[in-house]
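So this block is protein.csv, CSV, C-alpha atoms:
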```
chain,number,residue,atom,x,y,z
A,1,MET,CA,9.5,-26.8,35.2
A,2,LYS,CA,11.2,-24.7,32.6
A,3,LYS,CA,9.4,-26.7,29.9
A,4,ALA,CA,6.0,-25.9,31.5
A,5,ILE,CA,6.8,-22.2,31.7
A,6,ILE,CA,7.8,-22.1,28.0
A,7,ILE,CA,4.7,-24.0,26.9
A,8,SER,CA,2.5,-21.7,29.0
A,9,PHE,CA,4.3,-18.6,27.5
A,10,VAL,CA,3.8,-19.9,24.0
A,11,ALA,CA,0.1,-20.6,24.7
A,12,VAL,CA,-0.4,-17.1,26.0
A,13,VAL,CA,1.3,-15.6,23.0
A,14,ALA,CA,-0.7,-17.8,20.6
A,15,ILE,CA,-4.0,-16.7,22.3
A,16,ALA,CA,-3.0,-13.0,22.1
A,17,ILE,CA,-2.1,-13.3,18.4
A,18,GLY,CA,-5.4,-15.1,17.7
A,19,ALA,CA,-7.4,-12.5,19.7
A,20,PHE,CA,-5.7,-9.7,17.7
A,21,PHE,CA,-6.7,-11.1,14.4
A,22,LEU,CA,-10.2,-12.3,15.4
A,23,TRP,CA,-11.3,-9.5,17.7
A,24,PRO,CA,-13.7,-7.0,16.1
A,25,ARG,CA,-12.1,-3.7,15.3
A,26,ALA,CA,-13.5,-0.3,14.5
A,27,GLU,CA,-14.3,-0.1,10.9
A,28,GLY,CA,-13.8,3.3,9.2
A,29,VAL,CA,-15.5,4.8,6.2
A,30,LYS,CA,-15.0,3.2,2.8
A,31,GLN,CA,-12.3,5.3,1.2
A,32,VAL,CA,-14.1,5.9,-2.1
A,33,ASN,CA,-17.8,6.2,-2.5
A,34,THR,CA,-18.8,3.8,-5.3
A,35,THR,CA,-21.8,2.4,-7.1
A,36,ALA,CA,-23.0,-1.1,-6.5
A,37,ASP,CA,-20.6,-2.1,-9.3
A,38,ASN,CA,-17.7,-0.6,-7.4
A,39,ILE,CA,-17.4,2.3,-9.9
A,40,ALA,CA,-16.0,5.6,-8.4
A,41,ILE,CA,-17.8,8.8,-8.9
A,42,LYS,CA,-20.6,7.2,-10.8
A,43,GLY,CA,-18.3,6.6,-13.8
A,44,PHE,CA,-17.4,10.2,-14.5
A,45,ASP,CA,-13.9,11.2,-15.5
A,46,THR,CA,-12.3,12.9,-12.5
A,47,VAL,CA,-9.4,14.4,-14.5
A,48,ALA,CA,-11.9,16.1,-16.9
A,49,TYR,CA,-13.1,18.4,-14.0
A,50,PHE,CA,-9.6,19.9,-14.1
A,51,SER,CA,-8.7,19.7,-17.8
A,52,ASN,CA,-12.2,20.5,-19.3
A,53,SER,CA,-13.8,22.3,-16.4
A,54,ASP,CA,-16.8,20.1,-17.1
A,55,VAL,CA,-18.5,16.8,-16.2
A,56,VAL,CA,-17.5,14.1,-18.7
A,57,GLN,CA,-18.6,10.5,-18.6
A,58,GLY,CA,-15.8,8.0,-18.4
A,59,ASN,CA,-15.3,5.1,-20.9
A,60,PRO,CA,-14.9,1.5,-19.6
A,61,ASP,CA,-12.0,1.1,-22.1
A,62,PHE,CA,-10.0,3.5,-19.9
A,63,LYS,CA,-10.2,2.3,-16.4
A,64,PHE,CA,-7.9,2.0,-13.4
A,65,VAL,CA,-8.3,0.5,-9.9
A,66,TRP,CA,-7.2,2.8,-7.1
A,67,LYS,CA,-8.1,2.5,-3.4
A,68,GLY,CA,-10.3,-0.5,-4.2
A,69,ALA,CA,-12.5,1.3,-6.6
A,70,THR,CA,-12.7,1.3,-10.4
A,71,TRP,CA,-12.2,4.8,-12.0
A,72,LEU,CA,-13.2,5.5,-15.5
A,73,PHE,CA,-11.7,8.0,-17.9
A,74,SER,CA,-12.8,9.6,-21.2
A,75,SER,CA,-9.3,9.2,-22.8
A,76,ALA,CA,-6.0,7.4,-22.4
A,77,THR,CA,-4.4,10.8,-21.7
A,78,ASN,CA,-6.7,11.4,-18.7
A,79,LEU,CA,-6.1,7.8,-17.5
A,80,GLU,CA,-2.3,8.4,-17.5
A,81,LYS,CA,-2.6,11.7,-15.8
A,82,PHE,CA,-4.6,10.0,-13.0
A,83,LYS,CA,-2.2,7.1,-12.7
A,84,SER,CA,0.7,9.5,-12.3
A,85,ASP,CA,-0.9,11.4,-9.4
A,86,PRO,CA,-4.3,10.1,-8.3
A,87,GLU,CA,-4.4,12.3,-5.1
A,88,SER,CA,-4.4,15.4,-7.2
A,89,PHE,CA,-7.5,14.4,-9.2
A,90,ALA,CA,-9.6,12.3,-6.8
A,91,PRO,CA,-12.4,14.2,-5.1
A,92,GLN,CA,-12.1,15.1,-1.5
A,93,PHE,CA,-13.8,13.0,1.2
A,94,GLY,CA,-13.8,10.0,-1.1
A,95,GLY,CA,-16.4,11.6,-3.3
A,96,TYR,CA,-19.0,11.8,-0.6
A,97,CYS,CA,-21.1,14.9,-0.1
A,98,SER,CA,-18.9,17.7,1.4
A,99,TRP,CA,-21.8,19.3,3.2
A,100,ALA,CA,-22.6,15.9,4.9
A,101,VAL,CA,-19.0,15.2,5.9
A,102,SER,CA,-18.7,18.7,7.4
A,103,HIS,CA,-21.8,18.0,9.4
A,104,GLY,CA,-20.6,14.7,10.8
A,105,TYR,CA,-22.2,12.1,8.5
A,106,ILE,CA,-21.8,10.8,5.0
A,107,ALA,CA,-24.1,11.0,2.0
A,108,ASP,CA,-23.6,10.3,-1.7
A,109,GLY,CA,-21.9,13.0,-3.6
A,110,ASP,CA,-23.4,14.0,-7.0
A,111,PRO,CA,-20.6,14.4,-9.6
A,112,THR,CA,-22.7,17.1,-11.3
A,113,ALA,CA,-22.8,19.2,-8.1
A,114,TRP,CA,-19.1,19.9,-8.0
A,115,LYS,CA,-16.6,22.7,-7.4
A,116,ILE,CA,-12.8,23.0,-7.4
A,117,VAL,CA,-11.4,25.0,-4.5
A,118,GLU,CA,-7.7,25.6,-4.3
A,119,GLY,CA,-7.0,22.8,-6.7
A,120,LYS,CA,-9.2,20.3,-4.8
A,121,LEU,CA,-12.4,18.7,-6.2
A,122,TYR,CA,-15.5,18.6,-4.0
A,123,PHE,CA,-18.9,17.1,-4.5
A,124,ASN,CA,-22.2,17.8,-2.8
A,125,TYR,CA,-25.4,15.9,-2.6
A,126,ASN,CA,-27.2,18.1,-5.2
A,127,GLN,CA,-27.1,21.7,-6.5
A,128,LYS,CA,-29.2,23.0,-3.6
A,129,VAL,CA,-26.9,21.5,-1.0
A,130,LYS,CA,-23.9,22.8,-3.0
A,131,GLU,CA,-25.2,26.3,-2.7
A,132,LYS,CA,-25.5,26.0,1.0
A,133,TRP,CA,-22.0,24.5,1.2
A,134,GLU,CA,-20.5,27.3,-0.9
A,135,ALA,CA,-21.9,30.0,1.4
A,136,GLU,CA,-19.6,28.6,4.2
A,137,GLN,CA,-17.2,26.5,2.2
A,138,ASP,CA,-13.9,27.8,3.8
A,139,SER,CA,-15.0,26.8,7.3
A,140,LEU,CA,-16.8,23.7,6.2
A,141,ILE,CA,-13.8,22.4,4.3
A,142,GLY,CA,-11.7,22.6,7.5
A,143,ILE,CA,-14.4,21.0,9.6
A,144,GLY,CA,-14.8,18.3,6.9
A,145,LYS,CA,-11.1,17.5,6.9
A,146,ALA,CA,-11.2,17.0,10.7
A,147,ASN,CA,-14.3,14.8,10.4
A,148,TRP,CA,-12.9,12.8,7.5
A,149,GLU,CA,-9.9,11.9,9.6
A,150,GLN,CA,-12.2,10.6,12.4
A,151,PHE,CA,-14.3,8.7,9.8
A,152,LYS,CA,-11.2,6.7,8.8
A,153,VAL,CA,-11.3,5.2,12.3
A,154,LYS,CA,-15.0,5.2,13.2
A,155,LYS,CA,-17.5,4.5,10.5
A,156,PRO,CA,-20.0,7.5,10.3
A,157,VAL,CA,-23.7,7.3,9.8
A,158,LYS,CA,-24.8,7.3,6.2
A,159,LYS,CA,-27.9,9.4,5.3
```

This structure in structure tokens:
Amino acid sequence: MKKAIIISFVAVVAIAIGAFFLWPRAEGVKQVNTTADNIAIKGFDTVAYFSNSDVVQGNPDFKFVWKGATWLFSSATNLEKFKSDPESFAPQFGGYCSWAVSHGYIADGDPTAWKIVEGKLYFNYNQKVKEKWEAEQDSLIGIGKANWEQFKVKKPVKK
């Protein structure tokens, strides 16, 4: 009798463990918006926005994989700066359009439609969308942060 109970218990635990690993789960947003080649921010150097206040193309000789994406840099110095503190240099909302995230969906961010606000880098879909976003940026950043947290659990619509 005890042996049958133990076998039954083990079988139930095994089924539960299997169901945990095989049951479909909610899939959140991809943490970093990348190209088809898995390049972050279309190959631009994210550190250069802060150090040069400009858009600078990265060089494949200076690359680093972070959050599953390959990041390119224009120099070894910028690569090392990013490696030491990637969160300080990576664009907000994974490089997706800040306007879109604040409106409950995702869209590609354009690395040439950028702005640094309080030490954080933001991209928008294009210059026209950036202008709309800037008109309400303080409230839209807050809304975007809340939406981004939800997107980590439930994958948003991509437009």

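Separating atom CA of Val157 of chain A from atom CA of Tyr122 of chain A is a distance of 19.6 Å.
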
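Picture a line from atom CA of Gln57 of chain A to atom CA of Leu72 of chain A; it runs 8.0 Å.
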
Of the listed residues A:Phe123, A:Phe50, A:Phe151, A:Phe82, that which approaches Lys63 of chain A most closely, counting all atoms listed in the file:
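With all atoms listed in the file as the atom set, the closest residue is A:Phe82.
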
Pick from A:Asn52, A:Pro91, A:Pro156, A:Ala76, whichever lies nearest to Ala40 of chain A using all atoms listed in the file:
A:Pro91

Within 9 Å of Tyr49 of chain A, counting only C-alpha atoms, which residues show up once you throw out same-chain ones fewer than 6 positions away? Write them as a PDB file with C-alpha atoms, keeping the file's coordinate frame, please.
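Saved file out_16.pdb follows:
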```
ATOM      1  CA  VAL A  55     -18.500  16.800 -16.200  1.00  0.00           C
ATOM      2  CA  VAL A  56     -17.500  14.100 -18.700  1.00  0.00           C
ATOM      3  CA  PHE A  89      -7.500  14.400  -9.200  1.00  0.00           C
ATOM      4  CA  TRP A 114     -19.100  19.900  -8.000  1.00  0.00           C
ATOM      5  CA  LYS A 115     -16.600  22.700  -7.400  1.00  0.00           C
ATOM      6  CA  ILE A 116     -12.800  23.000  -7.400  1.00  0.00           C
ATOM      7  CA  LEU A 121     -12.400  18.700  -6.200  1.00  0.00           C
TER       8      LEU A 121
END
```

Among the residues A:Asp61, A:Thr34, A:Val47, A:Trp99, the one that comes closest to Ser84 of chain A [using all atoms listed in the file]
A:Val47

Tell me which protein, DNA and RNA residues are within 12 Å of segment 145-149 of chain A, counting only C-alpha atoms, leaving out same-chain ones fewer than 4 positions away, and put them as a PyMOL selection string.
chain A and resi 28-32+92-106+122+137-141+153-156

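With atom CA of Lys128 of chain A on one side and atom CA of Ile41 of chain A on the other, the separation reads 19.0 Å.
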
Compile the contact shell of Val65 of chain A as a list in words: residues with an atom at most 10 Å away, counting all atoms listed in the file, same-chain residues fewer than 2 positions apart removed.
Asn38, Ile39, Ala40, Lys63, Lys67, Gly68, Ala69, Thr70, Trp71, Leu72 and Lys83 of chain A

Output of the above residues as a short mmCIF file (atom, residue, chain, number, x, y, z; two decimals), in the coordinates of the input, restricted to C-alpha atoms:
```cif
data_model
loop_
_atom_site.label_atom_id
_atom_site.label_comp_id
_atom_site.auth_asym_id
_atom_site.auth_seq_id
_atom_site.Cartn_x
_atom_site.Cartn_y
_atom_site.Cartn_z
CA ASN A 38 -17.70 -0.60 -7.40
CA ILE A 39 -17.40 2.30 -9.90
CA ALA A 40 -16.00 5.60 -8.40
CA LYS A 63 -10.20 2.30 -16.40
CA LYS A 67 -8.10 2.50 -3.40
CA GLY A 68 -10.30 -0.50 -4.20
CA ALA A 69 -12.50 1.30 -6.60
CA THR A 70 -12.70 1.30 -10.40
CA TRP A 71 -12.20 4.80 -12.00
CA LEU A 72 -13.20 5.50 -15.50
CA LYS A 83 -2.20 7.10 -12.70
#
```
